[in-house]
file run26.tsv (TSV, C-alpha atoms)
chain	number	residue	atom	x	y	z
Y	1369	MET	CA	-70.29	-43.08	36.55
Y	1370	SER	CA	-67.56	-45.73	36.45
Y	1371	ALA	CA	-64.04	-45.05	35.25
Y	1372	LEU	CA	-64.52	-47.42	32.31
Y	1373	THR	CA	-67.70	-45.62	31.17
Y	1374	MET	CA	-65.92	-42.28	31.44
Y	1375	ALA	CA	-63.02	-43.66	29.38
Y	1376	VAL	CA	-65.43	-44.78	26.65
Y	1377	LEU	CA	-67.19	-41.39	26.54
Y	1378	LEU	CA	-63.88	-39.51	26.42
Y	1379	SER	CA	-62.71	-41.79	23.62
Y	1380	LEU	CA	-65.85	-40.96	21.64
Y	1381	VAL	CA	-65.33	-37.20	22.01
Y	1382	SER	CA	-61.65	-37.70	21.15
Y	1383	ALA	CA	-62.63	-39.52	17.94
Y	1384	ILE	CA	-64.91	-36.64	16.97
Y	1385	SER	CA	-62.10	-34.15	17.56
Y	1386	TYR	CA	-59.65	-36.25	15.52
Y	1387	ALA	CA	-62.16	-36.53	12.67
Y	1388	LEU	CA	-62.70	-32.76	12.55
Y	1389	ALA	CA	-58.93	-32.21	12.59
Y	1390	ALA	CA	-58.50	-34.61	9.66
Y	1391	ILE	CA	-61.18	-32.81	7.64
Y	1392	VAL	CA	-59.51	-29.42	8.24
Y	1393	GLN	CA	-56.06	-30.84	7.45
Y	1394	GLU	CA	-57.27	-32.31	4.16
Y	1395	ARG	CA	-58.87	-28.97	3.26
Y	1396	ILE	CA	-55.61	-27.13	3.97
Y	1397	ALA	CA	-53.61	-29.62	1.91
Y	1398	THR	CA	-55.81	-29.18	-1.15
Y	1399	THR	CA	-55.99	-25.37	-1.07
Y	1400	THR	CA	-52.52	-24.20	-0.05
Y	1401	ALA	CA	-49.11	-24.37	-1.66
Y	1402	PRO	CA	-46.47	-26.64	-0.13
Y	1403	SER	CA	-44.45	-24.72	2.45
Y	1404	ARG	CA	-42.21	-25.75	5.30
Y	1405	TRP	CA	-43.14	-22.93	7.70
Y	1406	GLY	CA	-45.92	-21.08	5.86
Y	1407	LEU	CA	-48.64	-23.12	7.54
Y	1408	LEU	CA	-47.70	-21.59	10.88
Y	1409	ARG	CA	-49.28	-18.36	9.61
Y	1410	SER	CA	-52.54	-20.12	8.71
Y	1411	GLY	CA	-55.47	-19.87	11.09
Y	1412	MET	CA	-56.97	-23.05	9.64
Y	1413	TRP	CA	-53.78	-24.97	10.41
Y	1414	TRP	CA	-53.85	-23.81	14.02
Y	1415	THR	CA	-57.50	-24.85	14.20
Y	1416	ALA	CA	-56.50	-28.33	13.05
Y	1417	ALA	CA	-53.64	-28.38	15.54
Y	1418	VAL	CA	-55.96	-27.40	18.41
Y	1419	LEU	CA	-58.47	-30.07	17.42
Y	1420	GLN	CA	-55.69	-32.64	17.17
Y	1421	GLY	CA	-54.32	-31.57	20.54
Y	1422	ALA	CA	-57.75	-31.73	22.15
Y	1423	GLY	CA	-58.27	-35.23	20.77
Y	1424	ALA	CA	-54.86	-36.30	22.05
Y	1425	LEU	CA	-55.51	-34.83	25.50
Y	1426	LEU	CA	-58.86	-36.60	25.79
Y	1427	HIS	CA	-57.20	-39.80	24.61
Y	1428	VAL	CA	-54.55	-39.43	27.31
Y	1429	VAL	CA	-57.20	-39.00	30.01
Y	1430	ALA	CA	-59.11	-42.00	28.66
Y	1431	LEU	CA	-55.93	-44.11	28.78
Y	1432	GLY	CA	-55.50	-43.10	32.40
Y	1433	LEU	CA	-59.02	-44.28	33.23
Y	1434	GLY	CA	-59.33	-47.42	31.12
Y	1435	PRO	CA	-57.16	-50.25	29.80
Y	1436	LEU	CA	-55.24	-49.92	26.55
Y	1437	THR	CA	-57.18	-52.80	24.96
Y	1438	VAL	CA	-60.47	-50.95	25.48
Y	1439	VAL	CA	-59.45	-47.38	24.66
Y	1440	GLN	CA	-57.40	-48.10	21.52
Y	1441	PRO	CA	-60.12	-49.97	19.57
Y	1442	LEU	CA	-62.43	-46.97	19.95
Y	1443	GLY	CA	-60.01	-44.99	17.77
Y	1444	VAL	CA	-61.61	-46.62	14.73
Y	1445	LEU	CA	-64.60	-44.34	15.35
Y	1446	THR	CA	-62.50	-41.54	13.84
Y	1447	LEU	CA	-62.65	-43.28	10.48
Y	1448	VAL	CA	-66.35	-44.07	10.79
Y	1449	LEU	CA	-67.26	-40.49	11.77
Y	1450	ALA	CA	-64.98	-38.60	9.36
Y	1451	ALA	CA	-66.76	-39.60	6.15
Y	1452	PRO	CA	-70.29	-38.44	7.08
Y	1453	MET	CA	-68.89	-35.35	8.81
Y	1454	ALA	CA	-66.91	-34.44	5.67
Y	1455	ALA	CA	-70.00	-34.96	3.55
Y	1456	LEU	CA	-72.05	-32.76	5.89
Y	1457	LEU	CA	-69.52	-29.96	6.34
Y	1458	GLY	CA	-68.05	-29.95	2.84
Y	1459	ARG	CA	-71.20	-31.00	1.00
Y	1460	ARG	CA	-69.23	-33.75	-0.72
Y	1461	PRO	CA	-71.17	-37.01	-0.97
Y	1462	VAL	CA	-69.26	-40.15	-0.06
Y	1463	ALA	CA	-69.12	-42.67	-2.90
Y	1464	ALA	CA	-70.46	-46.17	-2.36
Y	1465	THR	CA	-66.98	-47.58	-2.97
Y	1466	ALA	CA	-65.54	-45.42	-0.19
Y	1467	TRP	CA	-68.27	-46.54	2.20
Y	1468	ARG	CA	-67.46	-50.15	1.37
Y	1469	GLY	CA	-63.76	-49.58	2.02
Y	1470	ILE	CA	-64.50	-47.87	5.33
Y	1471	ALA	CA	-66.75	-50.73	6.38
Y	1472	LEU	CA	-64.10	-53.33	5.50
Y	1473	VAL	CA	-61.36	-51.46	7.37
Y	1474	SER	CA	-63.54	-50.91	10.41
Y	1475	ALA	CA	-64.66	-54.54	10.56
Y	1476	GLY	CA	-61.13	-55.88	10.13
Y	1477	LEU	CA	-59.65	-53.56	12.72
Y	1478	ALA	CA	-62.42	-54.28	15.21
Y	1479	GLY	CA	-61.84	-58.01	14.73
Y	1480	ILE	CA	-58.11	-57.70	15.39
Y	1481	LEU	CA	-58.55	-55.70	18.56
Y	1482	LEU	CA	-61.44	-57.74	19.93
Y	1483	LEU	CA	-59.37	-60.90	19.52
Y	1484	THR	CA	-56.38	-59.35	21.30
Y	1485	GLY	CA	-56.26	-60.51	24.90
Y	1486	ASP	CA	-55.60	-58.30	27.92
Y	1487	ARG	CA	-53.40	-60.67	29.90
Y	1488	GLY	CA	-50.00	-59.32	30.91
Y	1489	ALA	CA	-48.56	-56.05	32.15
Y	1490	ASP	CA	-50.33	-52.73	31.78
Y	1491	SER	CA	-47.22	-50.69	30.89
Y	1492	LEU	CA	-43.73	-51.14	29.49
Y	1493	ASP	CA	-40.66	-51.68	31.61
Y	1494	GLY	CA	-37.33	-49.99	30.82
Y	1495	GLY	CA	-36.19	-52.65	28.35
Y	1496	GLY	CA	-39.50	-52.65	26.53
Y	1497	GLN	CA	-39.40	-48.89	26.21
Y	1498	PHE	CA	-36.00	-49.00	24.51
Y	1499	VAL	CA	-37.10	-51.79	22.15
Y	1500	LEU	CA	-40.30	-50.01	21.14
Y	1501	ALA	CA	-38.53	-46.66	20.73
Y	1502	GLY	CA	-35.87	-48.21	18.48
Y	1503	CYS	CA	-38.40	-50.03	16.31
Y	1504	VAL	CA	-40.63	-46.97	15.98
Y	1505	LEU	CA	-37.82	-44.54	15.14
Y	1506	GLY	CA	-36.44	-46.97	12.55
Y	1507	SER	CA	-39.88	-47.40	10.99
Y	1508	LEU	CA	-40.45	-43.64	10.86
Y	1509	ALA	CA	-37.08	-43.11	9.18
Y	1510	LEU	CA	-37.90	-45.75	6.57
Y	1511	LEU	CA	-41.42	-44.46	5.84
Y	1512	VAL	CA	-40.52	-40.77	5.72
Y	1513	GLY	CA	-37.44	-41.60	3.65
Y	1514	THR	CA	-39.62	-43.48	1.15
Y	1515	ALA	CA	-42.01	-40.55	0.85
Y	1516	THR	CA	-39.13	-38.09	0.43
Y	1517	ALA	CA	-37.49	-40.23	-2.26
Y	1518	VAL	CA	-40.74	-40.48	-4.19
Y	1519	GLN	CA	-41.22	-36.71	-4.00
Y	1520	ARG	CA	-37.67	-35.95	-5.16
Y	1521	LEU	CA	-37.99	-38.30	-8.10
Y	1522	GLY	CA	-41.16	-36.52	-9.15
Y	1523	HIS	CA	-44.30	-37.93	-7.64
Y	1524	GLY	CA	-46.33	-37.48	-10.83
Y	1525	ARG	CA	-49.86	-36.42	-11.35
Y	1526	PRO	CA	-52.65	-36.95	-8.81
Y	1527	GLY	CA	-54.02	-40.46	-9.01
Y	1528	SER	CA	-50.70	-42.07	-9.94
Y	1529	ARG	CA	-49.19	-44.93	-7.99
Y	1530	ALA	CA	-46.26	-42.79	-6.89
Y	1531	VAL	CA	-48.60	-40.23	-5.30
Y	1532	ALA	CA	-50.52	-43.02	-3.56
Y	1533	LEU	CA	-47.25	-44.51	-2.26
Y	1534	ARG	CA	-46.13	-41.15	-0.87
Y	1535	SER	CA	-49.48	-40.50	0.81
Y	1536	VAL	CA	-49.75	-43.98	2.31
Y	1537	SER	CA	-46.13	-43.91	3.53
Y	1538	LEU	CA	-46.70	-40.64	5.37
Y	1539	ALA	CA	-50.03	-41.83	6.77
Y	1540	LEU	CA	-48.35	-45.02	8.02
Y	1541	ALA	CA	-45.67	-42.89	9.65
Y	1542	ALA	CA	-48.37	-40.85	11.38
Y	1543	GLY	CA	-50.18	-43.96	12.58
Y	1544	VAL	CA	-46.99	-45.56	13.87
Y	1545	ALA	CA	-46.01	-42.37	15.71
Y	1546	TYR	CA	-49.46	-41.97	17.28
Y	1547	GLY	CA	-49.69	-45.65	18.25
Y	1548	ALA	CA	-46.30	-45.67	19.96
Y	1549	ALA	CA	-47.10	-42.38	21.68
Y	1550	SER	CA	-50.28	-43.95	23.09
Y	1551	VAL	CA	-48.30	-46.86	24.55
Y	1552	PHE	CA	-45.80	-44.46	26.12
Y	1553	VAL	CA	-48.59	-42.27	27.48
Y	1554	LYS	CA	-50.15	-45.31	29.12
Y	1555	THR	CA	-46.77	-46.13	30.66
Y	1556	LEU	CA	-46.43	-42.57	31.94
Y	1557	ALA	CA	-49.94	-42.54	33.37
Y	1558	ASP	CA	-49.51	-45.87	35.18
Y	1559	GLY	CA	-46.07	-45.15	36.64
Y	1560	TRP	CA	-46.23	-41.44	37.34
Y	1561	THR	CA	-47.10	-41.84	41.04
Y	1562	SER	CA	-44.86	-44.84	41.74
Y	1563	ALA	CA	-41.51	-43.47	40.52
Y	1564	PRO	CA	-39.64	-40.15	40.65
Y	1565	PRO	CA	-40.89	-37.78	37.93
Y	1566	ALA	CA	-37.32	-37.20	36.69
Y	1567	THR	CA	-37.11	-40.81	35.50
Y	1568	PHE	CA	-39.99	-40.19	33.09
Y	1569	VAL	CA	-38.66	-36.97	31.53
Y	1570	PRO	CA	-36.92	-38.70	28.57
Y	1571	LEU	CA	-40.03	-40.77	27.90
Y	1572	ALA	CA	-42.22	-37.66	28.06
Y	1573	VAL	CA	-39.92	-35.83	25.62
Y	1574	LEU	CA	-40.02	-38.81	23.24
Y	1575	THR	CA	-43.82	-38.92	23.48
Y	1576	VAL	CA	-44.12	-35.22	22.58
Y	1577	ALA	CA	-41.68	-35.70	19.68
Y	1578	LEU	CA	-43.70	-38.64	18.36
Y	1579	ALA	CA	-46.95	-36.69	18.62
Y	1580	THR	CA	-45.38	-33.78	16.71
Y	1581	ALA	CA	-44.02	-36.12	14.04
Y	1582	GLY	CA	-47.45	-37.72	13.73
Y	1583	LEU	CA	-49.13	-34.33	13.24
Y	1584	ALA	CA	-46.64	-33.26	10.56
Y	1585	SER	CA	-46.82	-36.60	8.73
Y	1586	SER	CA	-50.61	-36.72	8.76
Y	1587	GLN	CA	-50.83	-33.17	7.41
Y	1588	ALA	CA	-48.46	-34.01	4.56
Y	1589	SER	CA	-50.26	-37.27	3.75
Y	1590	TYR	CA	-53.45	-35.43	2.75
Y	1591	ARG	CA	-51.74	-33.52	-0.09
Y	1592	ASP	CA	-52.94	-35.17	-3.31
Y	1593	GLY	CA	-54.03	-38.17	-1.23
Y	1594	GLY	CA	-57.65	-37.26	-0.48
Y	1595	LEU	CA	-59.25	-37.78	2.92
Y	1596	ALA	CA	-60.33	-41.41	3.12
Y	1597	THR	CA	-57.12	-43.27	2.29
Y	1598	PRO	CA	-54.64	-41.39	4.53
Y	1599	LEU	CA	-57.11	-41.29	7.40
Y	1600	ALA	CA	-57.89	-45.00	7.10
Y	1601	THR	CA	-54.21	-45.90	6.90
Y	1602	ALA	CA	-53.28	-43.88	9.98
Y	1603	THR	CA	-56.37	-45.09	11.85
Y	1604	VAL	CA	-55.43	-48.72	11.20
Y	1605	ALA	CA	-51.72	-48.31	11.93
Y	1606	ASN	CA	-52.30	-46.52	15.24
Y	1607	PRO	CA	-54.05	-49.30	17.22
Y	1608	VAL	CA	-52.21	-52.08	15.37
Y	1609	VAL	CA	-48.90	-50.69	16.67
Y	1610	ALA	CA	-50.36	-50.54	20.17
Y	1611	ALA	CA	-51.72	-54.08	19.85
Y	1612	ALA	CA	-48.35	-55.34	18.55
Y	1613	ALA	CA	-46.61	-53.73	21.51
Y	1614	GLY	CA	-49.08	-55.42	23.83
Y	1615	ILE	CA	-48.50	-58.83	22.24
Y	1616	PHE	CA	-44.71	-58.75	21.94
Y	1617	LEU	CA	-43.73	-56.54	24.88
Y	1618	LEU	CA	-46.54	-56.78	27.44
Y	1619	GLY	CA	-47.17	-60.51	27.26
Y	1620	GLU	CA	-50.62	-60.23	25.71
Y	1621	GLY	CA	-51.88	-62.60	23.03
Y	1622	PHE	CA	-54.84	-63.52	20.88
Y	1623	ARG	CA	-57.85	-65.10	22.51
Y	1624	TYR	CA	-58.90	-68.67	21.73
Y	1625	GLY	CA	-55.37	-69.88	21.00
Y	1626	ALA	CA	-54.58	-71.01	17.46
Y	1627	VAL	CA	-58.16	-70.38	16.32
Y	1628	GLY	CA	-58.00	-66.79	17.55
Y	1629	THR	CA	-54.68	-66.28	15.76
Y	1630	VAL	CA	-56.14	-67.49	12.46
Y	1631	LEU	CA	-59.21	-65.27	12.93
Y	1632	ALA	CA	-56.99	-62.28	13.70
Y	1633	LEU	CA	-54.97	-62.89	10.53
Y	1634	GLY	CA	-58.22	-63.03	8.58
Y	1635	ALA	CA	-59.34	-59.76	10.16
Y	1636	GLY	CA	-56.01	-58.20	9.18
Y	1637	ALA	CA	-56.49	-59.33	5.58
Y	1638	LEU	CA	-59.98	-57.80	5.64
Y	1639	ALA	CA	-58.61	-54.45	6.84
Y	1640	ALA	CA	-55.89	-54.58	4.16
Y	1641	TRP	CA	-58.54	-55.24	1.50
Y	1642	GLY	CA	-60.48	-52.21	2.71
Y	1643	LEU	CA	-57.37	-50.04	2.40
Y	1644	VAL	CA	-56.87	-51.25	-1.18
Y	1645	VAL	CA	-60.50	-50.37	-1.98
Y	1646	LEU	CA	-60.09	-46.89	-0.49
Y	1647	THR	CA	-56.80	-46.29	-2.30
Y	1648	SER	CA	-58.26	-47.35	-5.64
Y	1649	ASP	CA	-61.30	-45.13	-5.12
Y	1650	SER	CA	-59.16	-42.10	-4.20
Y	1651	ALA	CA	-56.93	-42.65	-7.25
Y	1652	ARG	CA	-59.96	-42.92	-9.51
Y	1653	GLN	CA	-61.43	-39.68	-8.17
Y	1654	ALA	CA	-58.11	-37.87	-8.54
Y	1655	ARG	CA	-57.76	-38.98	-12.17
Y	1656	ALA	CA	-61.35	-37.90	-12.86
Y	1657	GLU	CA	-60.68	-34.44	-11.44
Y	1658	GLN	CA	-57.59	-34.04	-13.62
Y	1659	THR	CA	-59.31	-35.17	-16.84
Y	1660	PRO	CA	-59.99	-32.14	-19.09
Y	1661	ARG	CA	-63.61	-31.49	-19.82
Y	1662	PRO	CA	-64.90	-30.91	-23.34
Y	1663	SER	CA	-64.89	-27.30	-24.50
Y	1664	THR	CA	-68.35	-26.34	-23.30
Y	1665	GLY	CA	-67.55	-23.02	-21.71
Y	1666	GLU	CA	-67.68	-24.52	-18.21
Y	1667	PRO	CA	-64.85	-23.93	-15.74
Y	1668	ARG	CA	-62.31	-26.69	-15.28
Y	1669	PRO	CA	-62.37	-28.82	-12.13
Y	1670	ARG	CA	-60.71	-27.46	-9.03
Y	1671	SER	CA	-57.03	-28.34	-8.89
Y	1672	THR	CA	-55.74	-30.17	-5.85
Y	1673	SER	CA	-52.08	-29.98	-6.76
Y	1674	GLY	CA	-51.33	-27.65	-3.89
Y	1675	THR	CA	-50.76	-24.50	-5.91
Y	1676	GLY	CA	-52.95	-22.53	-3.54
Y	1677	ARG	CA	-55.18	-21.28	-6.38
Y	1678	PRO	CA	-58.20	-23.17	-7.66
Y	1679	ALA	CA	-58.27	-24.00	-11.33
Y	1680	GLU	CA	-61.53	-22.07	-11.72
Y	1681	ALA	CA	-59.73	-18.85	-10.86
Y	1682	ASP	CA	-56.97	-19.52	-13.37
Y	1683	PHE	CA	-59.56	-20.32	-16.02
Y	1684	THR	CA	-61.39	-17.10	-15.36
Y	1685	VAL	CA	-58.25	-15.00	-15.59
Y	1686	GLN	CA	-57.05	-16.60	-18.81
Y	1687	GLN	CA	-60.38	-16.65	-20.61
Y	1688	VAL	CA	-60.72	-13.92	-23.27
Y	1689	PRO	CA	-64.13	-12.86	-24.62
Y	1690	GLU	CA	-64.63	-13.81	-28.26
Y	1691	ALA	CA	-65.71	-10.32	-29.23
Y	1692	ALA	CA	-62.57	-8.67	-27.92
Y	1693	PRO	CA	-60.21	-7.55	-30.69
Y	1694	ARG	CA	-56.78	-9.09	-30.77
Y	1695	ALA	CA	-53.74	-6.86	-30.38
Y	1696	VAL	CA	-51.50	-6.65	-33.44
Y	1697	VAL	CA	-47.79	-6.26	-32.84
Y	1698	VAL	CA	-46.00	-4.37	-35.61
Y	1699	PRO	CA	-42.35	-5.29	-35.91
call {"tool": "encode", "arguments": {"input": "run26.tsv", "output": "structure tokens"}}
result
Amino acid sequence: MSALTMAVLLSLVSAISYALAAIVQERIATTTAPSRWGLLRSGMWWTAAVLQGAGALLHVVALGLGPLTVVQPLGVLTLVLAAPMAALLGRRPVAATAWRGIALVSAGLAGILLLTGDRGADSLDGGGQFVLAGCVLGSLALLVGTATAVQRLGHGRPGSRAVALRSVSLALAAGVAYGAASVFVKTLADGWTSAPPATFVPLAVLTVALATAGLASSQASYRDGGLATPLATATVANPVVAAAAGIFLLGEGFRYGAVGTVLALGAGALAAWGLVVLTSDSARQARAEQTPRPSTGEPRPRSTSGTGRPAEADFTVQQVPEAAPRAVVVP
């Protein structure tokens, strides 16, 4: 089996692991109360972390065996696989609108990456590493700061624009962190045997920090944001960051000259349209879940506000049988 075939197979298994991790993370976000360190006591969270780590490890090995321009596009399989896996495991059917958004995002992202050439260097030099690190850290500060500001101002009810902005900002931060970490991992893998290991220690520390930041941001993005929109946003941002680094720092470019550039811009617009479709669908579902049902005696919909208790349980506790006598308080 060739190294390229092995890289493709490892990328496929990595996508499956990432998709499972996203499903578990979304489940945690909708059933637990917000807590800075409480998740460390959750077995489900550690399951998601192990799945995420396994996906990252397989991705690292794939990057060591195959070129960045081949391995990174296969990350879109995470988005394609997550929806049917969530429907199968959680018995939640995927709406036709969500499928359309996923198809648009996948087609646009595939177009961008297929049009990206592979001419140029395989890994970053010292100057490129500093430039990419500065741009990524600045972008993360801006995106996380936006999400924090929205939360402090009161992010509103599920389905509102403020909630969507917070979720998308955190998902973008996760995608940027993961994409930059992939570029740095490729640099580490290509130069590990040709330079003293001590020269790569700062880059390795930065890579681990970016991976940790990506995990934390992706977990937070699923709270009140659903599964499809945060996952699609992070899935798009991840390889786009890697492709941008390849174009601006590694000397790569779009195939077919000016025509390829125009086609790549069109593919980017297609992916952006898919994200808008997914965001609108998630907001619509969130508003539908929060809409009170008529008084028919049926339990209310499950709350996804992160209180840690489903609305059905609260309804059951507060409901009083009609035949029960009322207590009379005598002053």
call {"tool": "residues_around", "arguments": {"input": "run26.tsv", "residues": "range 1599-1601 of chain Y", "least_positions_apart": "3", "cutoff": "6 Å", "atoms": "all atoms listed in the file", "output": "PyMOL selection string"}}
result
chain Y and resi 1539+1596+1604
call {"tool": "write_last_selection", "arguments": {"input": "run26.tsv", "atoms": "C-alpha atoms", "output": "PDB file, in the frame of the given file"}}
result
ATOM      1  CA  ALA Y1539     -50.030 -41.830   6.770  1.00  0.00           C
ATOM      2  CA  ALA Y1596     -60.330 -41.410   3.120  1.00  0.00           C
ATOM      3  CA  VAL Y1604     -55.430 -48.720  11.200  1.00  0.00           C
TER       4      VAL Y1604
END
call {"tool": "residues_around", "arguments": {"input": "run26.tsv", "residues": "Asp1493 in chain Y", "least_positions_apart": "4", "cutoff": "12 Å", "atoms": "only C-alpha atoms", "output": "list in words"}}
result
Ala1489, Gln1497, Phe1498, Val1499, Leu1500, Val1551, Phe1552, Lys1554, Thr1555, Leu1556, Asp1558, Gly1559, Phe1568, Leu1571, Ala1613, Leu1617, Leu1618 and Gly1619 of chain Y
call {"tool": "atom_distance", "arguments": {"input": "run26.tsv", "atom1": "CA of Leu1449 in chain Y", "atom2": "CA of Gly1406 in chain Y"}}
result
29.4 Å
call {"tool": "closest_residue", "arguments": {"input": "run26.tsv", "among": "Y:Ala1455, Y:Ala1466, Y:Leu1511, Y:Leu1377", "to": "Gly1443 in chain Y", "atoms": "only C-alpha atoms"}}
result
Y:Leu1377
call {"tool": "closest_residue", "arguments": {"input": "run26.tsv", "among": "Y:Ala1611, Y:Leu1510, Y:Val1518, Y:Ile1396", "to": "Ala1478 in chain Y", "atoms": "only C-alpha atoms"}}
result
Y:Ala1611
call {"tool": "residues_around", "arguments": {"input": "run26.tsv", "residues": "Ala1517 in chain Y", "least_positions_apart": "4", "cutoff": "12 Å", "atoms": "only C-alpha atoms", "output": "number ranges by chain"}}
result
Y: 1509-1513, 1521-1523, 1530-1531, 1533-1534, 1537-1538
call {"tool": "residues_around", "arguments": {"input": "run26.tsv", "residues": "Gly1642 in chain Y", "least_positions_apart": "3", "cutoff": "7 Å", "atoms": "only C-alpha atoms", "output": "list in words"}}
result
Gly1469, Ile1470, Leu1472, Val1473, Leu1638, Ala1639, Val1645 and Leu1646 of chain Y
call {"tool": "closest_residue", "arguments": {"input": "run26.tsv", "among": "Y:Thr1484, Y:Ser1528, Y:Ser1410, Y:Gln1440", "to": "Thr1629 in chain Y", "atoms": "only C-alpha atoms"}}
result
Y:Thr1484
call {"tool": "closest_atom_pairs", "arguments": {"input": "run26.tsv", "of": "range 1550-1635 of chain Y", "to": "range 1383-1389 of chain Y", "cutoff": "12 Å", "atoms": "all atoms listed in the file", "output": "CSV"}}
result
residue,atom,partner,partner_atom,distance
Y:Leu1583,CA,Y:Ala1389,CA,10.0
Y:Ser1586,CA,Y:Ala1389,CA,10.2
Y:Gln1587,CA,Y:Ala1389,CA,9.7
Y:Tyr1590,CA,Y:Ala1389,CA,11.7
Y:Leu1595,CA,Y:Ala1387,CA,10.3
Y:Ala1596,CA,Y:Ala1387,CA,10.9
Y:Leu1599,CA,Y:Ala1387,CA,8.7
Y:Ala1600,CA,Y:Ala1387,CA,11.0
Y:Ala1602,CA,Y:Tyr1386,CA,11.4
Y:Thr1603,CA,Y:Tyr1386,CA,10.1
call {"tool": "residues_around", "arguments": {"input": "run26.tsv", "residues": "Thr1415 in chain Y", "least_positions_apart": "4", "cutoff": "8 Å", "atoms": "all atoms listed in the file", "output": "CSV table (one decimal) with C-alpha atoms, in the coordinates of the input"}}
result
chain,number,residue,atom,x,y,z
Y,1389,ALA,CA,-58.9,-32.2,12.6
Y,1392,VAL,CA,-59.5,-29.4,8.2
Y,1411,GLY,CA,-55.5,-19.9,11.1
Y,1419,LEU,CA,-58.5,-30.1,17.4
call {"tool": "atom_distance", "arguments": {"input": "run26.tsv", "atom1": "CA of Trp1467 in chain Y", "atom2": "CA of Asp1649 in chain Y"}}
result
10.2 Å
call {"tool": "atom_distance", "arguments": {"input": "run26.tsv", "atom1": "CA of His1427 in chain Y", "atom2": "CA of Cys1503 in chain Y"}}
result
23.0 Å
call {"tool": "closest_residue", "arguments": {"input": "run26.tsv", "among": "Y:Ile1480, Y:Leu1378, Y:Ala1557, Y:Val1630", "to": "Ala1610 in chain Y", "atoms": "all atoms listed in the file"}}
result
Y:Ile1480
call {"tool": "closest_residue", "arguments": {"input": "run26.tsv", "among": "Y:Trp1641, Y:Ala1390, Y:Gln1653, Y:Ala1401", "to": "Arg1468 in chain Y", "atoms": "all atoms listed in the file"}}
result
Y:Trp1641
call {"tool": "closest_residue", "arguments": {"input": "run26.tsv", "among": "Y:Ala1416, Y:Leu1457, Y:Leu1445, Y:Val1462", "to": "Val1381 in chain Y", "atoms": "only C-alpha atoms"}}
result
Y:Leu1445
call {"tool": "build_atoms", "arguments": {"input": "run26.tsv", "residues": "range 1384-1395 of chain Y", "atoms": "N, CA and C atoms", "output": "PDB file, keeping the file's coordinate frame"}}
result
ATOM      1  N   ILE Y1384     -64.270 -37.747  17.677  1.00  0.00           N
ATOM      2  CA  ILE Y1384     -64.910 -36.640  16.970  1.00  0.00           C
ATOM      3  C   ILE Y1384     -63.906 -35.521  16.711  1.00  0.00           C
ATOM      4  N   SER Y1385     -63.103 -35.203  17.711  1.00  0.00           N
ATOM      5  CA  SER Y1385     -62.100 -34.150  17.560  1.00  0.00           C
ATOM      6  C   SER Y1385     -61.062 -34.524  16.510  1.00  0.00           C
ATOM      7  N   TYR Y1386     -60.608 -35.782  16.524  1.00  0.00           N
ATOM      8  CA  TYR Y1386     -59.650 -36.250  15.520  1.00  0.00           C
ATOM      9  C   TYR Y1386     -60.247 -36.184  14.116  1.00  0.00           C
ATOM     10  N   ALA Y1387     -61.517 -36.552  13.985  1.00  0.00           N
ATOM     11  CA  ALA Y1387     -62.160 -36.530  12.670  1.00  0.00           C
ATOM     12  C   ALA Y1387     -62.262 -35.109  12.128  1.00  0.00           C
ATOM     13  N   LEU Y1388     -62.640 -34.158  12.982  1.00  0.00           N
ATOM     14  CA  LEU Y1388     -62.700 -32.760  12.550  1.00  0.00           C
ATOM     15  C   LEU Y1388     -61.313 -32.249  12.156  1.00  0.00           C
ATOM     16  N   ALA Y1389     -60.302 -32.623  12.925  1.00  0.00           N
ATOM     17  CA  ALA Y1389     -58.930 -32.210  12.590  1.00  0.00           C
ATOM     18  C   ALA Y1389     -58.511 -32.763  11.233  1.00  0.00           C
ATOM     19  N   ALA Y1390     -58.861 -34.014  10.949  1.00  0.00           N
ATOM     20  CA  ALA Y1390     -58.500 -34.610   9.660  1.00  0.00           C
ATOM     21  C   ALA Y1390     -59.188 -33.894   8.512  1.00  0.00           C
ATOM     22  N   ILE Y1391     -60.452 -33.516   8.693  1.00  0.00           N
ATOM     23  CA  ILE Y1391     -61.180 -32.810   7.640  1.00  0.00           C
ATOM     24  C   ILE Y1391     -60.527 -31.449   7.357  1.00  0.00           C
ATOM     25  N   VAL Y1392     -60.161 -30.728   8.422  1.00  0.00           N
ATOM     26  CA  VAL Y1392     -59.510 -29.420   8.240  1.00  0.00           C
ATOM     27  C   VAL Y1392     -58.141 -29.598   7.608  1.00  0.00           C
ATOM     28  N   GLN Y1393     -57.385 -30.610   8.020  1.00  0.00           N
ATOM     29  CA  GLN Y1393     -56.060 -30.840   7.450  1.00  0.00           C
ATOM     30  C   GLN Y1393     -56.149 -31.159   5.965  1.00  0.00           C
ATOM     31  N   GLU Y1394     -57.114 -31.976   5.571  1.00  0.00           N
ATOM     32  CA  GLU Y1394     -57.270 -32.310   4.160  1.00  0.00           C
ATOM     33  C   GLU Y1394     -57.652 -31.069   3.356  1.00  0.00           C
ATOM     34  N   ARG Y1395     -58.472 -30.209   3.939  1.00  0.00           N
ATOM     35  CA  ARG Y1395     -58.870 -28.970   3.260  1.00  0.00           C
ATOM     36  C   ARG Y1395     -57.651 -28.064   3.057  1.00  0.00           C
TER      37      ARG Y1395
END
